[in-house]
Structure formats: C-alpha cells, structure tokens
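A.B. asks: Next up is a structure, given as structure tokens.
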Amino acid sequence: MGGYELLELWWVVPAGLAFLGYALSLTGLTRAQRAVWVTARIVAVEPPAHGASKRPGIPVTVTFQDPFTERQFTLSNAGRHGDSVEEAWVGRELQVRYPRGQPHRFRVTPDTPQDRNGRLGPDCATILLLIGLVIHATVVRGYPYALLGFGALLTVFAAASPDIRIARTRDDLLSSAVAAPARVVAVTKDVYTDGEGDEIVNHAPVVTFTTRDGTHVTVLPRDGIPDPSHSLHRELTLHYAPSDPAVYTPDLRADHRANERAIGWIIIMLITGLASIATGAALL
C-alpha cells in the first residue's frame, strides 16, 4: 500500500476514537462515569496574591462527604484541582468528582451531561471526523460539495450551539441586577511568549464585593475593567444577579451588547450555512 492509499484511510483514526469513546460511554466505563460525583461547599476563600498567576483561579477550601464511607473531607483546591474557580464565596456549591476511594484527587468540574456521561471526547472526535470528511469531499468532488459540506456543518453547529440560550439566560438574570460597591484587592500577572519570542504580559484584577444579604464575593473578571495593570485598590461598582452572584458585570449596557453580538453571530452562522447549502445544491 502506497502513501496515497494510506492517506485515504485518514478517517480511521477519528472514527475509531469516536467509536471507542461512545462504546465506553454506553457501557458506563468512561472515567467520568466510574468517578464519584458529589456536591461540595466552599468553606473558605483566599483571594489570589497580588502579582500571582490567574491560571489556578481563586484558592478555595471545600467540604464534601464521601457517599460510600460517609466521611467528611475538607480540602483545598490549591494545585489546580480541575476547573479554576473564578467566582467564590463561602457557602457556594460546586460539583466535584474523584476516583472511588480517592477523595484527595477531587476535581472541580462542570455538571453537564457531556461531562457526566464521558462523551465530550468522542463528540470532539466526531466533529474532527465530519470536518475531515468535508475537506476530503471538497478535494475529491469539487467546489459544490465544499459548499454543501461546510454549509451543513455551520447549520448543525449553529442549531446545536448553546450561546443563544446562555445569552438570554444571562440577560434575564441581570434584568433585576443589584448594584454593589466593589474594590480591586489584587492584580494577577501572567507572562506569555508569542511566536516571535516576545513576551506578552497579561494583568487581571481580583475584585471583591458584598451582596445585600451580606455574602462576601471574590471574582476574577475577564474583561470590563479598564487599565487592569493599574487598578489595584480601585473602587468601582458591580451589578450582580440577586439569585446568583456568579453572574455579574461592571457595565450592564456593555454586557447586553455582548449578548446581542453572541446571538447575532449564531444567526449569521445559521443563515450562512443555509445559503451555502442552497448554493452548493444549485451548482451540482
């Protein structure tokens, strides 16, 4: 078998990974399905130190009970146990998982169906397979099939995207937002190197505020605070959702515009996908 024939079998790798992943999920053998899932509660919050990296998130101590031994564990997420915590307050509940009998290996994780059933990996492999098939069809069959294939992918991605639901839910939560005085208590610093070897310094503020019911909240805003490198001790106003302080913004209008843009991009993607399908079908 020559090199060209081997290239023709490129699809075997992503298809095999997807098949293996789905098979493991159906039989309940994925790592996520074999793990113990429990609800943990934050009992202590320590804001990141000034000048530290933001990548580990906010250091917190959580407590949870192992359902098999009924033992209570109180552990710190220092050392990056799973997803970083970017909004923290004492009493907040988080989903954690760990291998059975090893609670010290807990990981903070999103509580979504894909994470629970272990299908995130095979779903990604399937997406790679579909993109590869479209590229392959374009090379072998020509331009109309490229329009058909990529149009179909855009349409499916737009239809399956949660962005519209997320944007609308966020708008609904912030429709009754409460303004609270806030303060920048630290500024994190991360240094990256670009492709040319130049250093890029990224600063992110650590902000604290208190809700109207007395809950002290620490957050790592991703944007919305100008000149973050010089924001230490700055006083500002945050607007938060009364039912969920993790939903907040320093600028309600800017946040609403960002949600509108997110919805707009999904609509444009859907229209573009349908138009590509129609054009490709007409050119066949």
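A note on labels: chains of the structure tokens are A, B, ... as shown, every chain counts residues from 1, and ligands are counted from 1 in their shown order.
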With only C-alpha atoms as the counted atoms, please give the residues lying no more than 9 Å from Asn259 (chain A), apart from itself and same-chain residues fewer than 4 positions off, as an MDAnalysis selection string.

C.D. replies: chainID A and resid 163:164 166:168 170:171 254:255 263:264

A.B. asks: Which residues come within 10 Å of Gln72 (chain A), counting only C-alpha atoms, excluding same-chain residues fewer than 5 positions away, as an NGL selection string?

C.D. replies: :A and (63-67 or 103)

A.B. asks: So which one's closest to Gln102 (chain A), A:Leu29, A:Val62, A:Met269, A:Val36? Using only C-alpha atoms, please.

C.D. replies: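 Between A:Leu29, A:Val62, A:Met269, A:Val36, the residue approaching Gln102 (chain A) most closely is A:Val36.
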
A.B. asks: Find the distance between CA of Arg100 (chain A) and CA of Glu87 (chain A) and write it in Å to one decimal.

C.D. replies: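 Between these atoms lies a distance of 27.6 Å.
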
A.B. asks: Ranking A:Pro205, A:Pro110, A:Pro162, A:Gly142 by minimum distance to Ser231 (chain A) and counting only C-alpha atoms, which one comes first?

C.D. replies: A:Pro205

A.B. asks: Counting only C-alpha atoms, which residue out of A:Leu147, A:Leu24, A:Ala160, A:Val187 sits closest to Ile277 (chain A)?

C.D. replies: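 Using only C-alpha atoms, the shortest distance to Ile277 (chain A) belongs to A:Leu147.
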